[in-house]
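Participant: Have a look at this one.
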Amino acid sequence: MIRHIVPFRLTHAHGSAAEADFLVANRRLADIPGVENFELLRQVSPKSNFDFCVSMAFADQAAYEAYNTHPAHVDFVQTRWLVDVADFMEIDLTE
């Protein structure tokens with residue numbers, strides 16, 4: 001099992017229509033085959049510079065690699081993530 005965790009901060013104002021639109025688009029990543037336990041969470045601690053975190057799991061490395069190269073993920077990264085995300089950190093964990 002691989003856990004993929006990505007805390008991030010958007011370029012959009014909190015509560016804006018642009019923020020909401022990005023979050024809707026981000027949730028569609030859960031529909032990509034191989035994605036398990038998808039969560040899109042809002043940060044509540046003032047100790048973090050990130051506002052959101054997306055978390056998902058994959059059964060194995062092959063499922064994770066298939067996700068990374070899936071056309072829907074590639075399109076999301078190119079058309080939304082690189083445009084709308086101001087800062088992020090990617091963490092991939094396994095036992």
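Chain labels follow the order of the structure tokens: the first chain is A, the next B, and so on; residue numbering restarts at 1 in every chain, and ligands are counted from 1 in their shown order.
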Just list as a ChimeraX atom specification whatever in chain A DSSP marks as alpha helix (DSSP H).
Facilitator: /A:17-27,61-69,71-76,82-84
Participant: Go ahead and save the picked residues with C-alpha atoms, as a compact mmCIF listing (two decimals), in the first residue's frame.
Facilitator:
```txt
# COMPACT_ATOMS: atom_id res chain seq x y z
CA ALA A 17 -15.77 30.65 -6.68
CA ALA A 18 -12.34 29.89 -8.18
CA GLU A 19 -11.34 28.01 -5.02
CA ALA A 20 -14.57 26.01 -5.05
CA ASP A 21 -14.14 25.20 -8.75
CA PHE A 22 -10.61 23.91 -8.18
CA LEU A 23 -11.73 21.72 -5.28
CA VAL A 24 -14.50 20.19 -7.41
CA ALA A 25 -11.96 19.42 -10.13
CA ASN A 26 -9.56 17.98 -7.55
CA ARG A 27 -12.21 15.62 -6.21
CA GLN A 61 3.63 0.77 -7.03
CA ALA A 62 2.02 -0.29 -10.31
CA ALA A 63 -1.32 1.26 -9.32
CA TYR A 64 0.46 4.45 -8.24
CA GLU A 65 2.38 4.67 -11.53
CA ALA A 66 -0.82 4.04 -13.51
CA TYR A 67 -2.45 6.96 -11.65
CA ASN A 68 0.49 9.26 -12.35
CA THR A 69 0.33 8.58 -16.09
CA PRO A 71 -4.70 11.06 -18.90
CA ALA A 72 -7.14 12.58 -16.39
CA HIS A 73 -4.35 13.09 -13.83
CA VAL A 74 -1.91 14.45 -16.41
CA ASP A 75 -4.56 16.88 -17.68
CA PHE A 76 -5.46 18.00 -14.15
CA LEU A 82 0.28 24.16 -12.22
CA VAL A 83 -2.06 27.14 -12.69
CA ASP A 84 -3.99 27.26 -9.39
```
Participant: Quick one: pick out all strand (DSSP E or B) residues within chain A from a backbone DSSP run and write them as a PyMOL selection string.
Facilitator: chain A and resi 2-10+36-42+52-58+85-88+91-94
Participant: Would you output that residue set with N, CA and C atoms, as a PDB file, in the first residue's frame?
Facilitator:
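The result, stored in part.pdb:
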```pdb
ATOM      1  N   ILE A   2       0.553   2.175  -0.855  1.00  0.00           N
ATOM      2  CA  ILE A   2       1.245   3.468  -0.913  1.00  0.00           C
ATOM      3  C   ILE A   2       0.238   4.548  -0.549  1.00  0.00           C
ATOM      4  N   ARG A   3       0.605   5.397   0.379  1.00  0.00           N
ATOM      5  CA  ARG A   3      -0.226   6.536   0.767  1.00  0.00           C
ATOM      6  C   ARG A   3       0.393   7.787   0.137  1.00  0.00           C
ATOM      7  N   HIS A   4      -0.382   8.488  -0.671  1.00  0.00           N
ATOM      8  CA  HIS A   4       0.041   9.694  -1.378  1.00  0.00           C
ATOM      9  C   HIS A   4      -0.634  10.876  -0.685  1.00  0.00           C
ATOM     10  N   ILE A   5       0.163  11.768  -0.113  1.00  0.00           N
ATOM     11  CA  ILE A   5      -0.351  12.895   0.668  1.00  0.00           C
ATOM     12  C   ILE A   5       0.235  14.179   0.101  1.00  0.00           C
ATOM     13  N   VAL A   6      -0.642  15.146  -0.194  1.00  0.00           N
ATOM     14  CA  VAL A   6      -0.176  16.396  -0.788  1.00  0.00           C
ATOM     15  C   VAL A   6      -0.866  17.588  -0.123  1.00  0.00           C
ATOM     16  N   PRO A   7      -0.217  18.194   0.869  1.00  0.00           N
ATOM     17  CA  PRO A   7      -0.735  19.456   1.399  1.00  0.00           C
ATOM     18  C   PRO A   7      -0.456  20.569   0.378  1.00  0.00           C
ATOM     19  N   PHE A   8      -1.393  21.524   0.262  1.00  0.00           N
ATOM     20  CA  PHE A   8      -1.210  22.575  -0.730  1.00  0.00           C
ATOM     21  C   PHE A   8      -1.937  23.856  -0.346  1.00  0.00           C
ATOM     22  N   ARG A   9      -1.543  24.934  -1.029  1.00  0.00           N
ATOM     23  CA  ARG A   9      -2.157  26.251  -0.873  1.00  0.00           C
ATOM     24  C   ARG A   9      -2.488  26.764  -2.262  1.00  0.00           C
ATOM     25  N   LEU A  10      -3.669  27.302  -2.429  1.00  0.00           N
ATOM     26  CA  LEU A  10      -4.108  27.809  -3.728  1.00  0.00           C
ATOM     27  C   LEU A  10      -3.766  29.286  -3.908  1.00  0.00           C
ATOM     28  N   GLU A  36      -7.694   4.742  -4.038  1.00  0.00           N
ATOM     29  CA  GLU A  36      -8.454   4.252  -2.896  1.00  0.00           C
ATOM     30  C   GLU A  36      -8.395   5.290  -1.776  1.00  0.00           C
ATOM     31  N   ASN A  37      -9.402   5.295  -0.931  1.00  0.00           N
ATOM     32  CA  ASN A  37      -9.424   6.120   0.287  1.00  0.00           C
ATOM     33  C   ASN A  37      -9.123   7.594   0.005  1.00  0.00           C
ATOM     34  N   PHE A  38      -9.729   8.141  -1.045  1.00  0.00           N
ATOM     35  CA  PHE A  38      -9.507   9.534  -1.400  1.00  0.00           C
ATOM     36  C   PHE A  38     -10.112  10.459  -0.355  1.00  0.00           C
ATOM     37  N   GLU A  39      -9.335  11.461   0.049  1.00  0.00           N
ATOM     38  CA  GLU A  39      -9.821  12.483   0.973  1.00  0.00           C
ATOM     39  C   GLU A  39      -9.293  13.842   0.520  1.00  0.00           C
ATOM     40  N   LEU A  40     -10.131  14.838   0.573  1.00  0.00           N
ATOM     41  CA  LEU A  40      -9.730  16.223   0.351  1.00  0.00           C
ATOM     42  C   LEU A  40     -10.093  16.967   1.627  1.00  0.00           C
ATOM     43  N   LEU A  41      -9.086  17.418   2.341  1.00  0.00           N
ATOM     44  CA  LEU A  41      -9.269  17.964   3.678  1.00  0.00           C
ATOM     45  C   LEU A  41      -8.835  19.425   3.744  1.00  0.00           C
ATOM     46  N   ARG A  42      -9.480  20.168   4.647  1.00  0.00           N
ATOM     47  CA  ARG A  42      -9.139  21.574   4.865  1.00  0.00           C
ATOM     48  C   ARG A  42      -8.290  21.676   6.143  1.00  0.00           C
ATOM     49  N   PHE A  52      -5.054  23.152   2.388  1.00  0.00           N
ATOM     50  CA  PHE A  52      -5.753  21.903   2.069  1.00  0.00           C
ATOM     51  C   PHE A  52      -4.760  20.754   2.032  1.00  0.00           C
ATOM     52  N   CYS A  53      -5.306  19.548   2.028  1.00  0.00           N
ATOM     53  CA  CYS A  53      -4.491  18.363   1.834  1.00  0.00           C
ATOM     54  C   CYS A  53      -5.329  17.332   1.096  1.00  0.00           C
ATOM     55  N   VAL A  54      -4.751  16.768   0.040  1.00  0.00           N
ATOM     56  CA  VAL A  54      -5.378  15.656  -0.641  1.00  0.00           C
ATOM     57  C   VAL A  54      -4.595  14.412  -0.253  1.00  0.00           C
ATOM     58  N   SER A  55      -5.336  13.353   0.054  1.00  0.00           N
ATOM     59  CA  SER A  55      -4.726  12.107   0.484  1.00  0.00           C
ATOM     60  C   SER A  55      -5.429  10.958  -0.229  1.00  0.00           C
ATOM     61  N   MET A  56      -4.639  10.003  -0.678  1.00  0.00           N
ATOM     62  CA  MET A  56      -5.208   8.825  -1.334  1.00  0.00           C
ATOM     63  C   MET A  56      -4.248   7.668  -1.169  1.00  0.00           C
ATOM     64  N   ALA A  57      -4.740   6.478  -1.437  1.00  0.00           N
ATOM     65  CA  ALA A  57      -3.918   5.286  -1.311  1.00  0.00           C
ATOM     66  C   ALA A  57      -3.958   4.496  -2.606  1.00  0.00           C
ATOM     67  N   PHE A  58      -2.915   3.703  -2.805  1.00  0.00           N
ATOM     68  CA  PHE A  58      -2.805   2.819  -3.953  1.00  0.00           C
ATOM     69  C   PHE A  58      -2.361   1.445  -3.465  1.00  0.00           C
ATOM     70  N   VAL A  85      -2.234  26.261  -8.011  1.00  0.00           N
ATOM     71  CA  VAL A  85      -1.578  25.945  -6.733  1.00  0.00           C
ATOM     72  C   VAL A  85      -0.365  26.846  -6.539  1.00  0.00           C
ATOM     73  N   ALA A  86      -0.350  27.535  -5.402  1.00  0.00           N
ATOM     74  CA  ALA A  86       0.742  28.447  -5.076  1.00  0.00           C
ATOM     75  C   ALA A  86       1.925  27.716  -4.451  1.00  0.00           C
ATOM     76  N   ASP A  87       1.644  26.686  -3.654  1.00  0.00           N
ATOM     77  CA  ASP A  87       2.709  25.953  -2.969  1.00  0.00           C
ATOM     78  C   ASP A  87       2.162  24.593  -2.556  1.00  0.00           C
ATOM     79  N   PHE A  88       3.038  23.593  -2.524  1.00  0.00           N
ATOM     80  CA  PHE A  88       2.624  22.262  -2.096  1.00  0.00           C
ATOM     81  C   PHE A  88       3.831  21.444  -1.662  1.00  0.00           C
ATOM     82  N   ILE A  91       4.187  13.900  -0.404  1.00  0.00           N
ATOM     83  CA  ILE A  91       4.728  12.876   0.479  1.00  0.00           C
ATOM     84  C   ILE A  91       4.118  11.533   0.057  1.00  0.00           C
ATOM     85  N   ASP A  92       4.964  10.562  -0.241  1.00  0.00           N
ATOM     86  CA  ASP A  92       4.519   9.225  -0.615  1.00  0.00           C
ATOM     87  C   ASP A  92       5.117   8.239   0.380  1.00  0.00           C
ATOM     88  N   LEU A  93       4.244   7.499   1.053  1.00  0.00           N
ATOM     89  CA  LEU A  93       4.662   6.631   2.167  1.00  0.00           C
ATOM     90  C   LEU A  93       4.233   5.199   1.959  1.00  0.00           C
ATOM     91  N   THR A  94       5.015   4.276   2.467  1.00  0.00           N
ATOM     92  CA  THR A  94       4.651   2.869   2.489  1.00  0.00           C
ATOM     93  C   THR A  94       5.256   2.253   3.751  1.00  0.00           C
TER      94      THR A  94
END
```
Participant: Would you compute the distance between CA of Asp51 in chain A and CA of Val35 in chain A? Give it in Å to one decimal.
Facilitator: 22.3 Å
Participant: Using only C-alpha atoms, find the one residue out of A:Ala59, A:Trp81, A:His14, A:Pro33 that sits nearest to Met1 in chain A.
Facilitator: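 Looking at the shortest contact to Met1 in chain A, the residue is A:Ala59.
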